[in-house]
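For reference, query-v1.txt (compact mmCIF, C-alpha atoms):
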# COMPACT_ATOMS: atom_id res chain seq x y z
CA MET I 162 -38.70 4.58 -60.84
CA THR I 163 -36.54 2.88 -63.45
CA PRO I 164 -37.23 -0.75 -64.46
CA ARG I 165 -33.89 -1.69 -62.89
CA THR I 166 -34.81 -0.13 -59.53
CA PHE I 167 -38.24 -1.79 -59.68
CA SER I 168 -36.59 -5.19 -60.26
CA ALA I 169 -34.26 -4.65 -57.36
CA ILE I 170 -37.16 -3.83 -55.05
CA ARG I 171 -39.05 -6.92 -56.24
CA LEU I 172 -36.05 -9.14 -55.59
CA THR I 173 -35.55 -7.62 -52.13
CA LEU I 174 -39.23 -8.15 -51.24
CA LEU I 175 -39.10 -11.72 -52.59
CA ALA I 176 -36.03 -12.48 -50.49
CA LEU I 177 -37.70 -10.97 -47.42
CA VAL I 178 -40.88 -13.03 -47.92
CA MET I 179 -38.85 -16.22 -48.42
CA THR I 180 -36.86 -15.55 -45.28
CA CYS I 181 -39.97 -15.02 -43.20
CA ALA I 182 -41.62 -18.13 -44.61
CA MET I 183 -38.75 -20.43 -43.69
CA PRO I 184 -39.66 -22.22 -40.42
CA ALA I 185 -36.11 -23.16 -39.51
CA PHE I 186 -32.71 -22.88 -41.07
CA ALA I 187 -29.20 -23.95 -40.38
CA GLY I 188 -27.84 -22.27 -37.32
CA ASP I 189 -31.14 -21.65 -35.54
CA GLN I 190 -33.85 -24.26 -35.40
CA MET I 191 -37.28 -24.13 -33.79
CA VAL I 192 -38.89 -27.04 -31.92
CA GLY I 193 -42.48 -26.74 -30.71
CA GLN I 194 -44.08 -28.36 -27.69
CA ALA I 195 -47.68 -29.17 -28.54
CA LYS I 196 -50.21 -31.69 -27.24
CA LYS I 197 -47.66 -32.96 -24.73
CA ALA I 198 -45.10 -33.81 -27.43
CA PHE I 199 -42.08 -32.25 -29.09
CA THR I 200 -42.89 -31.43 -32.71
CA VAL I 201 -39.58 -32.94 -33.84
CA GLY I 202 -38.42 -36.47 -32.98
CA VAL I 203 -34.79 -36.23 -34.07
CA LEU I 204 -33.12 -32.94 -34.94
CA LYS I 205 -29.81 -32.76 -36.81
CA ALA I 206 -27.61 -29.77 -36.03
CA LYS I 207 -24.01 -28.61 -35.69
CA VAL I 208 -21.89 -27.34 -32.86
CA GLY I 209 -22.58 -23.63 -32.44
CA ASP I 210 -26.16 -23.85 -33.69
CA THR I 211 -29.01 -22.79 -31.47
CA VAL I 212 -32.30 -24.58 -30.85
CA THR I 213 -35.30 -22.62 -29.66
CA PHE I 214 -38.08 -24.46 -27.87
CA ARG I 215 -41.56 -22.89 -27.97
CA ASN I 216 -44.44 -23.91 -25.69
CA ASP I 217 -47.60 -24.15 -27.80
CA ASP I 218 -49.68 -25.89 -25.11
CA GLU I 219 -52.09 -24.31 -22.64
CA PHE I 220 -49.98 -25.54 -19.73
CA ALA I 221 -46.36 -25.22 -18.63
CA HIS I 222 -43.52 -27.27 -20.08
CA ASN I 223 -39.86 -27.72 -19.28
CA VAL I 224 -36.77 -28.64 -21.27
CA PHE I 225 -33.75 -30.41 -19.86
CA SER I 226 -31.10 -33.00 -20.64
CA LEU I 227 -28.80 -35.05 -18.46
CA SER I 228 -26.91 -36.42 -21.48
CA ASP I 229 -23.14 -36.82 -21.41
CA ALA I 230 -22.88 -34.80 -24.64
CA GLN I 231 -24.49 -31.76 -23.01
CA SER I 232 -26.55 -31.39 -19.86
CA PHE I 233 -28.78 -28.39 -19.17
CA ASP I 234 -32.01 -27.28 -17.53
CA LEU I 235 -33.84 -24.51 -19.37
CA GLY I 236 -36.47 -24.44 -16.61
CA SER I 237 -40.25 -24.34 -16.88
CA TYR I 238 -42.22 -21.83 -18.90
CA LYS I 239 -45.78 -21.02 -19.95
CA LYS I 240 -47.67 -21.03 -23.25
CA GLY I 241 -46.15 -18.81 -25.92
CA GLU I 242 -42.80 -18.52 -24.19
CA THR I 243 -39.53 -19.82 -25.62
CA ARG I 244 -36.18 -21.02 -24.33
CA THR I 245 -33.03 -21.21 -26.44
CA LEU I 246 -30.18 -23.69 -26.21
CA LYS I 247 -26.75 -23.24 -27.77
CA LEU I 248 -25.22 -26.54 -28.85
CA ALA I 249 -21.76 -26.75 -27.30
CA ALA I 250 -20.37 -30.16 -28.21
CA PRO I 251 -20.83 -32.99 -30.72
CA GLY I 252 -22.85 -36.04 -29.77
CA THR I 253 -26.42 -37.10 -29.16
CA ILE I 254 -28.46 -35.10 -26.67
CA GLU I 255 -31.57 -36.73 -25.25
CA VAL I 256 -34.00 -33.95 -24.47
CA GLU I 257 -37.00 -34.32 -22.16
CA CYS I 258 -39.70 -32.32 -20.42
CA ALA I 259 -39.28 -32.81 -16.68
CA ILE I 260 -42.97 -32.17 -16.06
CA HIS I 261 -44.16 -34.68 -18.67
CA PRO I 262 -41.66 -37.58 -18.87
CA GLU I 263 -43.34 -39.01 -21.96
CA MET I 264 -42.09 -36.01 -23.94
CA LYS I 265 -38.73 -36.94 -25.44
CA MET I 266 -36.65 -36.03 -28.49
CA LYS I 267 -33.02 -36.23 -29.62
CA ILE I 268 -30.60 -33.70 -31.06
CA GLU I 269 -27.79 -35.21 -33.10
CA VAL I 270 -25.00 -32.64 -33.02
CA ALA I 271 -22.23 -32.87 -35.63
CA LYS I 272 -18.88 -31.05 -35.45
CA MET A 13 -97.60 -45.64 -56.74
CA SER A 14 -96.69 -42.04 -56.56
CA GLN A 15 -97.23 -41.96 -52.81
CA LYS A 16 -95.22 -45.16 -52.31
CA PHE A 17 -92.37 -43.76 -54.33
CA THR A 18 -92.44 -40.58 -52.27
CA SER A 19 -92.43 -42.62 -49.08
CA GLN A 20 -89.39 -44.55 -50.23
CA ARG A 21 -87.62 -41.34 -51.12
CA VAL A 22 -88.27 -39.99 -47.66
CA SER A 23 -87.51 -43.16 -45.69
CA LEU A 24 -84.15 -43.85 -47.32
CA PRO A 25 -82.55 -40.56 -46.28
CA LEU A 26 -84.13 -40.92 -42.84
CA THR A 27 -82.69 -44.42 -42.48
CA MET A 28 -79.31 -43.14 -43.59
CA LEU A 29 -79.57 -40.24 -41.15
CA PHE A 30 -80.40 -42.53 -38.23
CA GLY A 31 -77.61 -44.85 -39.31
CA ILE A 32 -75.11 -42.01 -39.41
CA LEU A 33 -76.29 -40.78 -36.01
CA LEU A 34 -76.01 -44.30 -34.55
CA ILE A 35 -72.53 -44.87 -35.96
CA GLY A 36 -71.57 -41.38 -34.90
CA SER A 37 -72.63 -41.98 -31.33
CA VAL A 38 -70.72 -45.29 -31.18
CA VAL A 39 -67.61 -43.68 -32.62
CA ALA A 40 -68.00 -40.75 -30.25
CA ALA A 41 -68.19 -43.12 -27.26
CA GLU A 42 -65.12 -45.03 -28.40
CA SER A 43 -63.10 -41.90 -29.11
CA ASP A 44 -64.25 -39.89 -26.10
CA PRO A 45 -61.00 -38.91 -24.37
CA TRP A 46 -62.77 -39.01 -20.99
CA LEU A 47 -63.85 -42.66 -21.30
CA ARG A 48 -61.47 -45.42 -20.22
CA PRO A 49 -60.34 -48.06 -22.74
CA GLU A 50 -61.80 -51.47 -21.96
CA PHE A 51 -58.46 -53.18 -21.32
CA ALA A 52 -55.14 -52.08 -19.89
CA PRO A 53 -52.09 -52.41 -22.15
CA ALA A 54 -49.66 -55.26 -21.44
CA PRO A 55 -46.15 -55.76 -22.84
CA PRO A 56 -45.63 -58.52 -25.46
CA GLU A 57 -43.65 -60.69 -23.04
CA ASN A 58 -46.37 -60.57 -20.40
CA GLN A 59 -49.72 -60.69 -22.15
CA LEU A 60 -52.63 -61.41 -19.84
CA THR A 61 -53.78 -64.99 -19.36
CA PRO A 62 -56.14 -66.36 -16.68
CA ALA A 63 -53.27 -68.36 -15.15
CA ARG A 64 -51.07 -65.26 -14.85
CA VAL A 65 -53.83 -63.17 -13.30
CA HIS A 66 -54.62 -66.00 -10.88
CA LEU A 67 -50.96 -66.34 -9.87
CA GLY A 68 -50.71 -62.59 -9.41
CA GLN A 69 -53.80 -62.51 -7.25
CA LEU A 70 -52.37 -65.24 -4.99
CA LEU A 71 -49.10 -63.34 -4.63
CA PHE A 72 -50.87 -60.02 -4.08
CA PHE A 73 -52.80 -61.34 -1.07
CA ASP A 74 -49.98 -63.48 0.36
CA PRO A 75 -48.35 -62.06 3.53
CA ARG A 76 -45.45 -64.50 3.10
CA LEU A 77 -44.09 -61.97 0.63
CA SER A 78 -42.96 -59.89 3.63
CA ARG A 79 -40.06 -60.61 6.02
CA LYS A 80 -42.26 -61.43 9.01
CA SER A 81 -45.13 -62.82 6.94
CA THR A 82 -47.36 -60.09 8.33
CA MET A 83 -47.89 -57.84 5.31
CA SER A 84 -49.16 -58.53 1.83
CA CYS A 85 -49.48 -56.07 -1.04
CA ALA A 86 -53.15 -55.90 -0.07
CA SER A 87 -52.26 -54.70 3.45
CA CYS A 88 -51.71 -51.25 1.97
CA HIS A 89 -53.50 -51.64 -1.37
CA ASN A 90 -56.68 -52.88 0.25
CA PRO A 91 -59.57 -53.46 -2.18
CA SER A 92 -61.99 -52.72 0.66
CA LEU A 93 -60.53 -49.21 0.86
CA GLY A 94 -60.31 -48.26 -2.81
CA TRP A 95 -57.07 -50.24 -3.23
CA SER A 96 -55.43 -47.88 -0.74
CA ASP A 97 -55.41 -47.95 3.07
CA GLY A 98 -57.50 -45.05 4.33
CA LEU A 99 -54.51 -43.65 6.21
CA PRO A 100 -52.79 -40.27 5.79
CA THR A 101 -49.51 -42.04 5.08
CA ALA A 102 -48.64 -45.71 4.75
CA VAL A 103 -47.61 -48.01 7.58
CA GLY A 104 -44.71 -50.28 6.71
CA PHE A 105 -42.37 -52.81 8.33
CA ASP A 106 -42.87 -53.22 12.10
CA MET A 107 -45.74 -50.70 12.00
CA HIS A 108 -43.35 -47.92 11.02
CA THR A 109 -45.18 -44.91 9.59
CA LEU A 110 -43.90 -43.92 6.15
CA ALA A 111 -43.63 -40.44 4.64
CA ARG A 112 -46.06 -40.81 1.76
CA ALA A 113 -49.65 -41.90 1.27
CA THR A 114 -50.41 -45.25 -0.30
CA PRO A 115 -51.53 -44.49 -3.85
CA THR A 116 -54.49 -46.43 -5.16
CA ILE A 117 -53.59 -49.01 -7.79
CA VAL A 118 -56.87 -48.51 -9.66
CA ASN A 119 -55.96 -47.95 -13.34
CA THR A 120 -52.25 -47.71 -12.55
CA SER A 121 -51.77 -50.14 -15.42
CA PHE A 122 -52.51 -47.26 -17.79
CA SER A 123 -49.65 -45.16 -16.42
CA PRO A 124 -46.31 -45.17 -18.25
CA ILE A 125 -44.54 -44.30 -15.01
CA GLN A 126 -45.06 -45.62 -11.50
CA MET A 127 -44.74 -44.42 -7.87
CA TRP A 128 -45.22 -40.92 -6.47
CA ASP A 129 -41.73 -39.96 -7.66
CA GLY A 130 -41.74 -41.97 -10.87
CA ARG A 131 -38.76 -44.10 -9.91
CA LYS A 132 -40.25 -47.14 -11.64
CA SER A 133 -41.38 -47.15 -15.24
CA THR A 134 -43.44 -50.32 -15.61
CA LEU A 135 -45.69 -52.41 -13.43
CA GLU A 136 -43.17 -55.23 -13.69
CA ASP A 137 -40.40 -52.91 -12.45
CA GLN A 138 -42.58 -51.63 -9.64
CA ALA A 139 -44.04 -54.92 -8.44
CA THR A 140 -41.07 -56.16 -6.42
CA GLY A 141 -39.94 -52.74 -5.17
CA PRO A 142 -42.10 -52.63 -2.01
CA ILE A 143 -41.31 -56.29 -1.25
CA GLU A 144 -37.59 -55.62 -0.88
CA ALA A 145 -37.82 -52.03 0.44
CA ALA A 146 -36.48 -52.05 4.02
CA GLY A 147 -39.23 -49.75 5.27
CA GLU A 148 -42.02 -51.72 3.67
CA MET A 149 -42.18 -55.51 3.34
CA ASN A 150 -38.44 -55.80 3.89
CA LEU A 151 -37.82 -59.17 2.25
CA PRO A 152 -34.76 -59.45 -0.03
CA LEU A 153 -35.71 -61.04 -3.34
CA PRO A 154 -33.37 -64.06 -3.04
CA GLU A 155 -35.06 -64.93 0.27
CA LEU A 156 -38.48 -64.41 -1.26
CA ILE A 157 -37.70 -66.81 -4.11
CA GLU A 158 -36.40 -69.50 -1.75
CA ARG A 159 -39.49 -69.09 0.40
CA LEU A 160 -41.85 -69.44 -2.56
CA LYS A 161 -39.95 -72.46 -3.88
CA SER A 162 -40.48 -74.15 -0.52
CA ILE A 163 -44.27 -73.89 -0.90
CA PRO A 164 -45.33 -76.88 -3.05
CA GLY A 165 -48.65 -75.36 -4.01
CA TYR A 166 -46.97 -72.48 -5.80
CA ARG A 167 -44.99 -74.67 -8.24
CA SER A 168 -47.99 -75.64 -10.35
CA LYS A 169 -49.27 -72.06 -10.30
CA PHE A 170 -45.99 -70.68 -11.70
CA ASP A 171 -45.78 -73.56 -14.21
CA ALA A 172 -49.28 -72.81 -15.48
CA ALA A 173 -48.61 -69.08 -15.73
CA TYR A 174 -45.04 -69.10 -17.04
CA PRO A 175 -44.21 -72.58 -18.40
CA GLY A 176 -40.54 -73.44 -18.11
CA MET A 177 -39.58 -70.14 -16.47
CA GLY A 178 -39.67 -71.34 -12.87
CA ILE A 179 -40.09 -69.31 -9.69
CA THR A 180 -37.93 -66.23 -10.12
CA ALA A 181 -38.00 -62.53 -9.37
CA VAL A 182 -39.06 -62.03 -13.01
CA THR A 183 -42.05 -64.37 -12.83
CA VAL A 184 -43.09 -62.98 -9.44
CA ALA A 185 -43.02 -59.46 -10.89
CA ARG A 186 -44.87 -60.50 -14.04
CA GLY A 187 -47.55 -62.30 -12.08
CA LEU A 188 -48.16 -59.35 -9.77
CA ALA A 189 -48.25 -56.97 -12.74
CA SER A 190 -50.77 -59.20 -14.50
CA PHE A 191 -53.13 -59.07 -11.54
CA GLU A 192 -52.71 -55.30 -11.23
CA ARG A 193 -53.73 -54.94 -14.88
CA THR A 194 -57.15 -56.26 -13.90
CA VAL A 195 -57.64 -53.65 -11.15
CA LEU A 196 -59.67 -51.16 -13.15
CA SER A 197 -62.20 -48.50 -12.35
CA THR A 198 -65.80 -49.49 -12.89
CA GLU A 199 -68.39 -47.50 -14.77
CA SER A 200 -69.14 -44.32 -12.85
CA PRO A 201 -72.09 -41.91 -13.10
CA PHE A 202 -69.75 -39.61 -15.05
CA ASP A 203 -69.10 -42.39 -17.58
CA ARG A 204 -72.82 -43.04 -18.01
CA TRP A 205 -73.37 -39.32 -18.59
CA ARG A 206 -70.60 -39.24 -21.21
CA LYS A 207 -72.30 -42.17 -22.94
CA GLY A 208 -75.54 -40.22 -23.21
CA ASP A 209 -77.50 -40.71 -19.98
CA GLU A 210 -78.34 -37.13 -19.08
CA LYS A 211 -79.81 -38.20 -15.74
CA ALA A 212 -76.69 -40.02 -14.59
CA VAL A 213 -75.24 -36.96 -12.86
CA SER A 214 -76.68 -33.81 -11.31
CA ALA A 215 -76.70 -30.35 -12.87
CA SER A 216 -74.19 -29.40 -10.21
CA ALA A 217 -71.79 -32.15 -11.33
CA LYS A 218 -72.19 -31.12 -14.98
CA ASN A 219 -71.30 -27.56 -14.09
CA GLY A 220 -68.44 -28.90 -12.02
CA PHE A 221 -67.04 -30.65 -15.08
CA GLU A 222 -67.15 -27.38 -17.00
CA LEU A 223 -65.31 -25.64 -14.18
CA PHE A 224 -62.86 -28.55 -14.00
CA GLN A 225 -61.86 -27.93 -17.60
CA ASP A 226 -62.04 -24.15 -17.65
CA LYS A 227 -62.01 -21.77 -14.69
CA ALA A 228 -60.60 -24.18 -12.13
CA LYS A 229 -57.90 -25.41 -14.55
CA CYS A 230 -57.92 -28.91 -13.00
CA ALA A 231 -57.75 -30.60 -16.42
CA VAL A 232 -54.40 -28.95 -17.08
CA CYS A 233 -52.95 -31.85 -15.06
CA HIS A 234 -55.91 -34.19 -14.43
CA MET A 235 -56.53 -34.82 -18.12
CA GLY A 236 -58.05 -37.71 -20.06
CA TYR A 237 -59.92 -40.86 -19.05
CA ASN A 238 -57.62 -41.57 -16.12
CA PHE A 239 -57.61 -37.92 -15.04
CA THR A 240 -53.84 -37.64 -14.96
CA ASP A 241 -51.13 -36.28 -17.23
CA ASN A 242 -48.70 -38.79 -15.70
CA GLY A 243 -46.62 -35.73 -15.00
CA PHE A 244 -44.91 -34.18 -11.98
CA HIS A 245 -45.97 -30.99 -10.24
CA ASN A 246 -45.23 -29.08 -7.05
CA ILE A 247 -48.71 -28.07 -5.92
CA GLY A 248 -47.59 -26.11 -2.88
CA LEU A 249 -48.62 -28.31 0.04
CA LYS A 250 -47.78 -26.76 3.39
CA THR A 251 -45.71 -29.34 5.27
CA GLU A 252 -43.79 -29.48 8.51
CA GLY A 253 -40.37 -30.97 9.18
CA ALA A 254 -37.88 -32.00 6.55
CA PRO A 255 -39.23 -31.37 3.05
CA ASP A 256 -40.01 -34.35 0.82
CA VAL A 257 -38.06 -33.61 -2.37
CA GLY A 258 -40.26 -35.94 -4.45
CA ARG A 259 -39.28 -36.27 -8.11
CA PHE A 260 -36.10 -34.27 -7.47
CA ALA A 261 -34.47 -37.46 -6.15
CA GLN A 262 -34.86 -38.97 -9.62
CA ARG A 263 -34.44 -35.83 -11.69
CA PRO A 264 -32.26 -33.24 -9.90
CA LEU A 265 -33.87 -30.22 -11.55
CA LYS A 266 -35.21 -27.16 -9.76
CA SER A 267 -38.79 -27.56 -11.01
CA MET A 268 -38.87 -31.13 -9.71
CA HIS A 269 -38.11 -30.20 -6.10
CA GLY A 270 -41.24 -31.09 -4.17
CA ALA A 271 -42.96 -32.34 -7.33
CA PHE A 272 -45.02 -35.55 -7.31
CA LYS A 273 -46.91 -37.54 -9.90
CA THR A 274 -50.45 -36.45 -10.68
CA PRO A 275 -52.73 -39.14 -9.23
CA THR A 276 -55.81 -40.51 -10.94
CA LEU A 277 -59.16 -39.12 -9.81
CA ARG A 278 -61.04 -42.32 -10.62
CA ASP A 279 -62.89 -43.76 -7.60
CA ILE A 280 -61.71 -40.76 -5.62
CA SER A 281 -64.57 -40.90 -3.12
CA ARG A 282 -63.07 -44.11 -1.76
CA THR A 283 -59.45 -42.99 -1.41
CA ALA A 284 -59.53 -40.32 1.31
CA PRO A 285 -57.50 -38.83 2.87
CA TYR A 286 -56.04 -36.96 -0.06
CA MET A 287 -52.71 -35.68 -1.39
CA ARG A 288 -49.34 -37.44 -1.30
CA ASN A 289 -49.11 -36.82 2.45
CA GLY A 290 -52.78 -37.40 3.23
CA MET A 291 -53.22 -33.94 4.73
CA TYR A 292 -56.78 -33.32 3.52
CA LYS A 293 -59.72 -35.38 4.76
CA SER A 294 -62.32 -34.18 2.28
CA LEU A 295 -62.61 -33.28 -1.38
CA MET A 296 -63.78 -29.81 -0.37
CA GLU A 297 -60.48 -29.26 1.45
CA VAL A 298 -58.67 -30.29 -1.73
CA VAL A 299 -60.70 -27.88 -3.86
CA GLU A 300 -60.03 -25.06 -1.38
CA HIS A 301 -56.29 -25.77 -1.56
CA TYR A 302 -56.34 -25.28 -5.33
CA ASP A 303 -58.61 -22.25 -4.98
CA ARG A 304 -55.90 -20.63 -2.84
CA GLY A 305 -53.35 -21.46 -5.53
CA GLY A 306 -51.39 -23.61 -3.11
CA ASP A 307 -49.82 -22.58 0.20
CA ASP A 308 -46.06 -23.14 -0.01
CA LYS A 309 -45.16 -21.00 -3.00
CA SER A 310 -41.38 -21.49 -2.78
CA ASN A 311 -41.21 -23.72 -5.88
CA LEU A 312 -44.77 -23.73 -7.12
CA ASP A 313 -45.75 -25.27 -10.46
CA LEU A 314 -46.44 -22.54 -13.02
CA ASN A 315 -49.95 -23.90 -13.57
CA MET A 316 -50.89 -23.17 -9.95
CA VAL A 317 -52.71 -19.83 -9.59
CA PRO A 318 -55.48 -18.55 -7.28
CA LEU A 319 -58.86 -19.40 -8.82
CA SER A 320 -61.40 -17.12 -7.08
CA LEU A 321 -64.06 -19.83 -7.03
CA THR A 322 -67.42 -19.08 -5.41
CA ALA A 323 -68.86 -21.37 -2.73
CA SER A 324 -71.33 -22.68 -5.30
CA GLU A 325 -68.57 -23.42 -7.79
CA LYS A 326 -66.57 -25.31 -5.17
CA ALA A 327 -69.63 -27.41 -4.37
CA ASP A 328 -70.09 -28.12 -8.09
CA LEU A 329 -66.50 -29.28 -8.40
CA VAL A 330 -66.94 -31.65 -5.46
CA ALA A 331 -70.17 -32.98 -7.01
CA PHE A 332 -68.30 -33.63 -10.24
CA LEU A 333 -65.41 -35.37 -8.47
CA GLU A 334 -67.86 -37.60 -6.60
CA SER A 335 -69.39 -38.62 -9.93
CA LEU A 336 -66.09 -40.30 -10.87
CA THR A 337 -66.62 -43.18 -8.42
CA GLY A 338 -68.26 -46.35 -9.68
CA VAL A 339 -69.71 -49.34 -7.84
CA PRO A 340 -66.78 -51.36 -6.48
CA PRO A 341 -66.43 -54.89 -7.86
CA ASP A 342 -66.65 -57.87 -5.53
CA ILE A 343 -63.11 -59.06 -4.92
CA ARG A 344 -62.51 -62.65 -3.88
CA VAL A 345 -59.68 -63.05 -1.40
CA PRO A 346 -58.11 -66.34 -2.48
CA ALA A 347 -57.10 -69.34 -0.41
CA LEU A 348 -53.30 -69.35 -0.57
CA PRO A 349 -51.13 -72.23 -1.79
CA LEU A 350 -49.69 -74.50 0.91
Transcribe the structure of this file into structure tokens.
Amino acid sequence: MTPRTFSAIRLTLLALVMTCAMPAFAGDQMVGQAKKAFTVGVLKAKVGDTVTFRNDDEFAHNVFSLSDAQSFDLGSYKKGETRTLKLAAPGTIEVECAIHPEMKMKIEVAK
Amino acid sequence: MSQKFTSQRVSLPLTMLFGILLIGSVVAAESDPWLRPEFAPAPPENQLTPARVHLGQLLFFDPRLSRKSTMSCASCHNPSLGWSDGLPTAVGFDMHTLARATPTIVNTSFSPIQMWDGRKSTLEDQATGPIEAAGEMNLPLPELIERLKSIPGYRSKFDAAYPGMGITAVTVARGLASFERTVLSTESPFDRWRKGDEKAVSASAKNGFELFQDKAKCAVCHMGYNFTDNGFHNIGLKTEGAPDVGRFAQRPLKSMHGAFKTPTLRDISRTAPYMRNGMYKSLMEVVEHYDRGGDDKSNLDLNMVPLSLTASEKADLVAFLESLTGVPPDIRVPALPL
């Protein structure tokens, strides 16, 4: 193995490690649901991005919004499961858990 | 000298140890998630005062708050019956039977959302709802205010409670909410056990609490000192006739169809019959419902699953539930203003 090849492998591995270590990045963001709360209060995103919600609690959660900007019901799901939302329009989306009304967050969607 | 020095060396760490244990036990009691805070929260604009609680108590027991002056708040939320009515479902205006059970108002001041379907968010929002509801006390608020203004004895009570604000729907609601914030559960055998009295509850009740949190999964919804997640669940009650859509009327989402707010379990021995339609007469019937994983599985909450409890485990759960009831306080029914 030449030094140049070795360097290339190191850079590739470094890039791979960095990619795996990043919790969220533009285009696809993760929001947890833990201890009856969303792990993010206000999320900034763009039209076309996706947001994945992950249930980290021992009991079921739900994700929905009745906002004018975008309304949806991703249904209810158990611990460890995820639901993904594609952001379709600009505006502020107020997101809630239907099961636990105290759980609220906002997604501010830019063009 | 040497012995004295040794004694001091030993006693200081022991003193510190006892001190740490004492402080630790106090902190543990205060931070125990299963023990109720001493006071209910109140909004800044309606902090509790004796005059406000007194006014609210008068209004709560006053049947003139209903169209025919035959029903007070206490007609359904009867302190002699665990602040409920002992009926499967409530009886409203002109003895008309309603669709849902009267929920106890014990500790409802700790809930961030009110009513079986959560259509009211605060006690102040909720307080006047049953007064003007056609099926309940059936008295429009403008008529209520005129009626109260015509009772001289009420003027000084409102002035003392809310100086300069007069007799309005707002002050009526705030007064009632203030009184409701004083309707709290009393110390139960379970509370005494949590505070360190090992003899306060039976071994069966202690095992029941373990089951409650683990195998029986009750604490998934009945969590914390008020034994509720303030959430909404369809628990699969088998009903006849037109279905009660519950929370769905407020939040038109599939999971909310037939879902109702998780009630407190505090003082539960005094609030039979149970469930939002009063279909179970005993706590054992309730436990058996959950053991079956519900009956109507058409839109069942995901947390509802068959539990495979033994007869002994069911008895332990009932023993634990019974340990959540304290000694009821003496409630004075007030003489009403004339």
Checklist line | Distance-based interface of chain I with chain A, 12 Å, counting only C-alpha atoms, as a list in words | finding: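 Within 12 Å of chain A on chain I, we get Lys196, Lys197, Asp218, Glu219, Phe220, Ala221, His222, Asn223, Val224, Phe225, Ser226, Leu227, Ser232, Phe233, Asp234, Leu235, Gly236, Ser237, Tyr238, Lys239, Lys240, Glu257, Cys258, Ala259, Ile260, His261, Pro262, Glu263 and Met264 of chain I.
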Next item on the list: To one decimal in Å, tell me the separation between CA of Ile343 (chain A) and CA of His234 (chain A).
Entry: 27.6 Å
Notebook entry, point to check: In Å, how far is it from CA of Leu249 (chain A) to CA of Leu336 (chain A)?
Noted result: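 Calculated distance between CA of Leu249 (chain A) and CA of Leu336 (chain A) is 23.8 Å.
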Note to self: What does the structure give for the distance between CA of Arg131 (chain A) and CA of Tyr302 (chain A), in Å to one decimal?
What the structure shows: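 These two atoms are separated by 26.2 Å.
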Next item on the list: With all atoms listed in the file counted, which protein, DNA or RNA residues have an atom no more than 7 Å from (-30.1, -21.4, -30.6) in the file frame? Please answer as a ChimeraX atom specification.
Entry: /I:189-190,210-213,245-247
Tell me, as a PDB file with C-alpha atoms, in the frame of the given file, which residues lie within 12 Å of region 224-227 of chain A, counting only C-alpha atoms; anything in the same chain fewer than 3 positions away does not count.
ATOM      1  CA  GLU I 219     -52.090 -24.310 -22.640  1.00  0.00           C
TER       2      GLU I 219
ATOM      3  CA  TRP A  46     -62.770 -39.010 -20.990  1.00  0.00           C
ATOM      4  CA  SER A 216     -74.190 -29.400 -10.210  1.00  0.00           C
ATOM      5  CA  ALA A 217     -71.790 -32.150 -11.330  1.00  0.00           C
ATOM      6  CA  LYS A 218     -72.190 -31.120 -14.980  1.00  0.00           C
ATOM      7  CA  ASN A 219     -71.300 -27.560 -14.090  1.00  0.00           C
ATOM      8  CA  GLY A 220     -68.440 -28.900 -12.020  1.00  0.00           C
ATOM      9  CA  PHE A 221     -67.040 -30.650 -15.080  1.00  0.00           C
ATOM     10  CA  CYS A 230     -57.920 -28.910 -13.000  1.00  0.00           C
ATOM     11  CA  ALA A 231     -57.750 -30.600 -16.420  1.00  0.00           C
ATOM     12  CA  VAL A 232     -54.400 -28.950 -17.080  1.00  0.00           C
ATOM     13  CA  CYS A 233     -52.950 -31.850 -15.060  1.00  0.00           C
ATOM     14  CA  HIS A 234     -55.910 -34.190 -14.430  1.00  0.00           C
ATOM     15  CA  MET A 235     -56.530 -34.820 -18.120  1.00  0.00           C
ATOM     16  CA  GLY A 236     -58.050 -37.710 -20.060  1.00  0.00           C
ATOM     17  CA  PHE A 239     -57.610 -37.920 -15.040  1.00  0.00           C
ATOM     18  CA  LEU A 277     -59.160 -39.120  -9.810  1.00  0.00           C
ATOM     19  CA  VAL A 299     -60.700 -27.880  -3.860  1.00  0.00           C
ATOM     20  CA  TYR A 302     -56.340 -25.280  -5.330  1.00  0.00           C
ATOM     21  CA  ASP A 303     -58.610 -22.250  -4.980  1.00  0.00           C
ATOM     22  CA  VAL A 317     -52.710 -19.830  -9.590  1.00  0.00           C
ATOM     23  CA  PRO A 318     -55.480 -18.550  -7.280  1.00  0.00           C
ATOM     24  CA  LEU A 319     -58.860 -19.400  -8.820  1.00  0.00           C
ATOM     25  CA  SER A 320     -61.400 -17.120  -7.080  1.00  0.00           C
ATOM     26  CA  LEU A 321     -64.060 -19.830  -7.030  1.00  0.00           C
ATOM     27  CA  THR A 322     -67.420 -19.080  -5.410  1.00  0.00           C
ATOM     28  CA  GLU A 325     -68.570 -23.420  -7.790  1.00  0.00           C
ATOM     29  CA  LYS A 326     -66.570 -25.310  -5.170  1.00  0.00           C
ATOM     30  CA  ALA A 327     -69.630 -27.410  -4.370  1.00  0.00           C
ATOM     31  CA  ASP A 328     -70.090 -28.120  -8.090  1.00  0.00           C
ATOM     32  CA  LEU A 329     -66.500 -29.280  -8.400  1.00  0.00           C
ATOM     33  CA  VAL A 330     -66.940 -31.650  -5.460  1.00  0.00           C
ATOM     34  CA  ALA A 331     -70.170 -32.980  -7.010  1.00  0.00           C
ATOM     35  CA  PHE A 332     -68.300 -33.630 -10.240  1.00  0.00           C
ATOM     36  CA  LEU A 333     -65.410 -35.370  -8.470  1.00  0.00           C
TER      37      LEU A 333
END
Note to self: Please return as a PyMOL selection string every residue within 12 Å of (-35.6, -61.8, -2.0), taking into account all atoms listed in the file and the file's own coordinates.
What the structure shows: chain A and resi 76-79+140-146+149-161+179-182+184-185
